[in-house]
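Enquirer: File upload13.cif follows (mmCIF, C-alpha atoms):
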data_target
loop_
_atom_site.group_PDB
_atom_site.id
_atom_site.type_symbol
_atom_site.label_atom_id
_atom_site.label_comp_id
_atom_site.auth_asym_id
_atom_site.auth_seq_id
_atom_site.Cartn_x
_atom_site.Cartn_y
_atom_site.Cartn_z
ATOM 1 C CA LEU X 278 137.074 130.178 42.330
ATOM 2 C CA GLN X 279 137.776 128.716 45.730
ATOM 3 C CA ALA X 280 138.732 125.331 44.277
ATOM 4 C CA ILE X 281 141.252 126.936 41.911
ATOM 5 C CA SER X 282 142.536 129.292 44.595
ATOM 6 C CA ASN X 283 143.095 126.407 47.030
ATOM 7 C CA ALA X 284 144.596 123.979 44.488
ATOM 8 C CA LYS X 285 147.973 122.550 45.453
ATOM 9 C CA GLU X 286 148.820 120.158 42.588
ATOM 10 C CA LEU X 287 146.638 120.454 39.498
ATOM 11 C CA VAL X 288 143.671 122.132 37.860
ATOM 12 C CA TYR X 289 142.484 120.695 34.532
ATOM 13 C CA ILE X 290 139.677 122.556 32.777
ATOM 14 C CA GLN X 291 137.684 121.669 29.671
ATOM 15 C CA THR X 292 135.160 124.196 28.414
ATOM 16 C CA PRO X 293 133.618 125.065 25.073
ATOM 17 C CA TYR X 294 133.504 128.777 25.960
ATOM 18 C CA PHE X 295 136.225 130.520 27.938
ATOM 19 C CA VAL X 296 135.299 134.125 28.644
ATOM 20 C CA PRO X 297 136.483 134.402 32.247
ATOM 21 C CA THR X 298 135.630 136.991 34.833
ATOM 22 C CA ASP X 299 138.594 138.959 36.173
ATOM 23 C CA ALA X 300 138.470 136.897 39.365
ATOM 24 C CA LEU X 301 138.583 133.567 37.493
ATOM 25 C CA LEU X 302 141.419 134.734 35.274
ATOM 26 C CA LEU X 303 143.398 135.913 38.296
ATOM 27 C CA ALA X 304 142.768 132.665 40.199
ATOM 28 C CA MET X 305 144.091 130.610 37.266
ATOM 29 C CA GLN X 306 147.138 132.844 36.855
ATOM 30 C CA MET X 307 147.945 132.792 40.572
ATOM 31 C CA ALA X 308 147.550 129.000 40.774
ATOM 32 C CA SER X 309 149.932 128.511 37.872
ATOM 33 C CA MET X 310 152.448 130.996 39.248
ATOM 34 C CA ARG X 311 152.561 129.155 42.573
ATOM 35 C CA GLY X 312 153.431 125.889 40.803
ATOM 36 C CA VAL X 313 150.038 124.265 40.269
ATOM 37 C CA ASP X 314 149.776 122.358 36.964
ATOM 38 C CA VAL X 315 146.976 124.374 35.323
ATOM 39 C CA ARG X 316 145.703 123.150 31.948
ATOM 40 C CA LEU X 317 142.932 124.643 29.851
ATOM 41 C CA MET X 318 141.335 122.886 26.875
ATOM 42 C CA VAL X 319 139.040 124.708 24.471
ATOM 43 C CA PRO X 320 137.819 123.746 20.992
ATOM 44 C CA ARG X 321 139.850 124.833 17.964
ATOM 45 C CA HIS X 322 136.554 125.614 16.212
ATOM 46 C CA SER X 323 133.413 126.792 17.936
ATOM 47 C CA ASP X 324 129.722 126.943 17.184
ATOM 48 C CA THR X 325 129.595 130.583 18.315
ATOM 49 C CA THR X 326 131.888 132.917 16.376
ATOM 50 C CA PHE X 327 131.803 135.963 18.668
ATOM 51 C CA VAL X 328 132.359 133.960 21.846
ATOM 52 C CA HIS X 329 135.181 132.026 20.197
ATOM 53 C CA ILE X 330 136.914 135.256 19.213
ATOM 54 C CA ALA X 331 136.474 136.541 22.776
ATOM 55 C CA THR X 332 137.911 133.255 24.100
ATOM 56 C CA LYS X 333 141.021 133.781 22.011
ATOM 57 C CA ALA X 334 141.382 137.287 23.455
ATOM 58 C CA PHE X 335 142.069 135.804 26.909
ATOM 59 C CA LEU X 336 144.550 133.106 25.917
ATOM 60 C CA LYS X 337 147.674 135.297 25.898
ATOM 61 C CA GLU X 338 147.177 136.169 29.552
ATOM 62 C CA VAL X 339 146.884 132.572 30.676
ATOM 63 C CA LEU X 340 149.790 131.531 28.462
ATOM 64 C CA ASP X 341 151.956 134.265 29.994
ATOM 65 C CA ALA X 342 151.145 132.802 33.434
ATOM 66 C CA LYS X 343 152.426 129.391 32.259
ATOM 67 C CA VAL X 344 148.977 127.829 31.987
ATOM 68 C CA SER X 345 149.096 124.995 29.440
ATOM 69 C CA VAL X 346 146.494 125.691 26.750
ATOM 70 C CA TYR X 347 145.212 123.065 24.322
ATOM 71 C CA PHE X 348 143.034 123.395 21.233
ATOM 72 C CA TYR X 349 140.818 120.327 20.873
ATOM 73 C CA GLU X 350 140.972 119.301 17.202
ATOM 74 C CA ALA X 351 138.514 116.364 16.911
ATOM 75 C CA GLY X 352 135.352 118.405 16.447
ATOM 76 C CA PHE X 353 133.564 120.686 18.847
ATOM 77 C CA LEU X 354 134.509 120.207 22.493
ATOM 78 C CA HIS X 355 131.372 120.548 24.575
ATOM 79 C CA SER X 356 132.736 119.096 27.821
ATOM 80 C CA LYS X 357 132.416 121.206 30.964
ATOM 81 C CA LEU X 358 134.860 119.564 33.309
ATOM 82 C CA MET X 359 137.280 120.631 36.013
ATOM 83 C CA VAL X 360 139.549 118.377 38.051
ATOM 84 C CA VAL X 361 141.323 119.778 41.109
ATOM 85 C CA ASP X 362 144.070 118.032 43.099
ATOM 86 C CA ASN X 363 142.887 114.469 42.463
ATOM 87 C CA SER X 364 140.122 115.002 44.999
ATOM 88 C CA LEU X 365 137.472 117.200 43.339
ATOM 89 C CA THR X 366 135.705 116.862 39.998
ATOM 90 C CA ILE X 367 133.293 119.556 38.869
ATOM 91 C CA THR X 368 131.022 118.879 35.913
ATOM 92 C CA GLY X 369 127.660 120.090 34.730
ATOM 93 C CA SER X 370 126.156 122.707 32.471
ATOM 94 C CA ALA X 371 128.218 125.794 33.368
ATOM 95 C CA ASN X 372 130.735 127.093 30.872
ATOM 96 C CA MET X 373 133.683 129.235 31.933
ATOM 97 C CA ASP X 374 132.008 132.458 30.892
ATOM 98 C CA VAL X 375 130.192 135.414 32.389
ATOM 99 C CA ARG X 376 126.819 134.346 31.031
ATOM 100 C CA SER X 377 126.992 130.968 32.779
ATOM 101 C CA PHE X 378 128.266 132.440 36.034
ATOM 102 C CA GLU X 379 125.989 135.447 36.350
ATOM 103 C CA HIS X 380 122.953 135.184 34.051
ATOM 104 C CA ASN X 381 121.968 131.604 33.241
ATOM 105 C CA PHE X 382 120.595 129.102 35.682
ATOM 106 C CA GLU X 383 123.461 126.623 35.346
ATOM 107 C CA ILE X 384 124.113 123.670 37.609
ATOM 108 C CA ASP X 385 127.295 121.755 38.377
ATOM 109 C CA ALA X 386 128.026 118.722 40.492
ATOM 110 C CA PHE X 387 130.940 118.933 42.916
ATOM 111 C CA ILE X 388 132.177 115.375 43.346
ATOM 112 C CA TYR X 389 134.694 114.743 46.111
ATOM 113 C CA ASN X 390 135.939 111.296 45.135
ATOM 114 C CA GLU X 391 139.418 110.151 44.062
ATOM 115 C CA GLU X 392 138.117 107.470 41.668
ATOM 116 C CA THR X 393 135.909 109.991 39.875
ATOM 117 C CA CYS X 394 138.942 112.304 39.585
ATOM 118 C CA ARG X 395 140.997 109.484 38.107
ATOM 119 C CA GLN X 396 138.313 108.782 35.509
ATOM 120 C CA ALA X 397 137.909 112.493 34.706
ATOM 121 C CA LYS X 398 141.672 112.854 34.254
ATOM 122 C CA GLU X 399 141.652 109.866 31.879
ATOM 123 C CA ILE X 400 139.023 111.648 29.786
ATOM 124 C CA PHE X 401 141.095 114.820 29.819
ATOM 125 C CA PHE X 402 144.276 112.950 28.786
ATOM 126 C CA ARG X 403 142.446 111.104 25.964
ATOM 127 C CA ASP X 404 141.195 114.442 24.693
ATOM 128 C CA MET X 405 144.722 115.867 24.963
ATOM 129 C CA GLU X 406 145.812 113.223 22.444
ATOM 130 C CA GLN X 407 143.397 114.844 19.984
ATOM 131 C CA SER X 408 144.544 118.358 20.833
ATOM 132 C CA THR X 409 147.312 120.733 19.881
ATOM 133 C CA ARG X 410 149.195 122.527 22.611
ATOM 134 C CA LEU X 411 149.380 126.262 22.157
ATOM 135 C CA PHE X 412 152.671 128.004 22.906
ATOM 136 C CA VAL X 413 152.988 131.712 23.593
ATOM 137 C CA GLU X 414 155.619 132.126 20.854
ATOM 138 C CA ASP X 415 153.228 130.741 18.240
ATOM 139 C CA TRP X 416 150.272 132.673 19.605
ATOM 140 C CA GLU X 417 152.140 135.967 19.301
ATOM 141 C CA LYS X 418 152.598 135.360 15.554
ATOM 142 C CA ARG X 419 148.918 136.054 14.842
ATOM 143 C CA GLY X 420 148.265 138.910 12.460
ATOM 144 C CA ARG X 421 147.472 142.432 13.626
ATOM 145 C CA PHE X 422 143.922 142.286 12.298
ATOM 146 C CA GLU X 423 143.180 139.072 14.209
ATOM 147 C CA LYS X 424 144.589 140.589 17.418
ATOM 148 C CA PHE X 425 142.546 143.747 16.830
ATOM 149 C CA ILE X 426 139.284 141.815 16.353
ATOM 150 C CA GLU X 427 140.001 139.770 19.496
ATOM 151 C CA SER X 428 140.596 142.979 21.476
ATOM 152 C CA VAL X 429 137.317 144.449 20.248
ATOM 153 C CA MET X 430 135.411 141.275 21.170
ATOM 154 C CA ARG X 431 137.033 141.289 24.590
ATOM 155 C CA LEU X 432 135.418 144.661 25.226
ATOM 156 C CA PHE X 433 132.061 142.990 24.704
ATOM 157 C CA SER X 434 132.895 139.863 26.730
ATOM 158 C CA PRO X 435 130.662 140.813 29.704
ATOM 159 C CA LEU X 436 127.720 140.702 27.288
ATOM 160 C CA LEU X 437 128.606 137.348 25.756
#
Hey, can you dump this file as structure tokens for me?
Expert:
Amino acid sequence: LQAISNAKELVYIQTPYFVPTDALLLAMQMASMRGVDVRLMVPRHSDTTFVHIATKAFLKEVLDAKVSVYFYEAGFLHSKLMVVDNSLTITGSANMDVRSFEHNFEIDAFIYNEETCRQAKEIFFRDMEQSTRLFVEDWEKRGRFEKFIESVMRLFSPLL
């Protein structure tokens, strides 16, 4: 949270599961609104149906805050990576979800090194080439039933 809140230039996030806490969601929105280039990449298809539906329930809010959202198309994205301001790379086992943050014994490495950031950004950009950018106009075209199911799953997101 502190890394995102203090970001000045960029925050690039790759995660297979995006079920953010209110604080994480707010930090991403605030960073984007203050001009930070915030990008989120999640898989188009997931190995966990309920969590994937819950992930989709949060995308409208980040899109409305001008966060760039990408669906990774070349299989299941299992990368857990965050790059902040070309000076910090965070990688490890933690997903961007409540379970990882509050229940599981996850571990991440915080690497303060510009070369590591450069390499991590290269990975992110290569994966962007195999991704589709999501635009709020397209996202709003989802059917009512899909939006309803996402809203229901969002209610259960603290349990996922």
Enquirer: Would you mind reading off the distance between CA of His355 in chain X and CA of Lys333 in chain X, one decimal, in Å?
Expert: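 According to the coordinates, CA of His355 in chain X and CA of Lys333 in chain X are separated by 16.6 Å.
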Enquirer: Between X:Leu278, X:Thr292, X:Arg311, X:Thr298, which residue has the minimum interatomic distance to Asn372 in chain X, considering only C-alpha atoms?
Expert: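 Of all the options, X:Thr292 lies closest to Asn372 in chain X.
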Enquirer: Which is closest to Pro320 in chain X among X:Arg421, X:Arg410, X:Lys337, X:Lys285, if we use only C-alpha atoms?
Expert: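 Among the listed residues, the smallest separation from Pro320 in chain X belongs to X:Arg410.
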Enquirer: Might you spell out which residues the PyMOL selection byres ((chain X and resi 340-347) around 9) would select in the displayed file, as a list in words?
Expert: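 For this structure, the PyMOL selection byres ((chain X and resi 340-347) around 9) captures Met305, Gln306, Met307, Ala308, Ser309, Met310, Asp314, Val315, Arg316, Leu317, Met318, Val319, Pro320, Arg321, Phe335, Leu336, Lys337, Glu338, Val339, Phe348, Tyr349, Met405, Ser408, Thr409, Arg410, Leu411, Phe412, Val413 and Trp416 of chain X.
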Enquirer: Could you check which of X:Gly312, X:Ile281, X:His322, X:Tyr389 is closest to Ala351 in chain X, using all atoms listed in the file?
Expert: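 Selected residue with least distance to Ala351 in chain X: X:His322.
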Enquirer: Excluding same-chain residues fewer than 5 positions from Phe387 in chain X, what lies within 12 Å of it counting only C-alpha atoms, as an NGL selection string?
Expert: :X and (280 or 358-361 or 364-369 or 393-394)
Enquirer: Emit the selected residues as an mmCIF file, keeping the file's coordinate frame, including C-alpha atoms.
Expert:
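Heads up, here's the output in result_34.cif:
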data_model
loop_
_atom_site.group_PDB
_atom_site.id
_atom_site.type_symbol
_atom_site.label_atom_id
_atom_site.label_comp_id
_atom_site.auth_asym_id
_atom_site.auth_seq_id
_atom_site.Cartn_x
_atom_site.Cartn_y
_atom_site.Cartn_z
ATOM 1 C CA ALA X 280 138.732 125.331 44.277
ATOM 2 C CA LEU X 358 134.860 119.564 33.309
ATOM 3 C CA MET X 359 137.280 120.631 36.013
ATOM 4 C CA VAL X 360 139.549 118.377 38.051
ATOM 5 C CA VAL X 361 141.323 119.778 41.109
ATOM 6 C CA SER X 364 140.122 115.002 44.999
ATOM 7 C CA LEU X 365 137.472 117.200 43.339
ATOM 8 C CA THR X 366 135.705 116.862 39.998
ATOM 9 C CA ILE X 367 133.293 119.556 38.869
ATOM 10 C CA THR X 368 131.022 118.879 35.913
ATOM 11 C CA GLY X 369 127.660 120.090 34.730
ATOM 12 C CA THR X 393 135.909 109.991 39.875
ATOM 13 C CA CYS X 394 138.942 112.304 39.585
#
Enquirer: Provide the CA of Arg419 in chain X to CA of Arg403 in chain X distance in Å, to one decimal place.
Expert: 28.1 Å
Enquirer: At what distance in Å, to one decimal, does CA of Phe382 in chain X lie from CA of Ala284 in chain X?
Expert: 26.1 Å
Enquirer: Using the file's own x, y and z axes, so that the box edges lie along x, y and z, what centre and edge lengths in Å (one decimal) does a box around every listed atom of range 356-367 of chain X get when 6 Å is added on each side? Give it as lines of an AutoDock Vina configuration file.
Expert:
center_x = 138.2
center_y = 117.8
center_z = 36.4
size_x = 23.7
size_y = 18.7
size_z = 29.2
Enquirer: Which one of X:Val288, X:Ala371, X:Ala331, X:Val313 sits closest to Asp385 in chain X if you count only C-alpha atoms?
Expert: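 Once distances to Asp385 in chain X are computed over only C-alpha atoms, the minimum belongs to X:Ala371.
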Enquirer: Taking all atoms listed in the file into account, name the residue in X:Gln279, X:Val328, X:Ser323, X:Ser356 that is nearest to Pro297 in chain X.
Expert: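 Ranked by minimum distance to Pro297 in chain X, first place goes to X:Val328.
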Enquirer: Could you tell me which of X:Val296, X:Leu301, X:Ile290, X:Ile330 comes closest to Lys424 in chain X if we count all atoms listed in the file?
Expert: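 Smallest separation from Lys424 in chain X among the options: X:Ile330.
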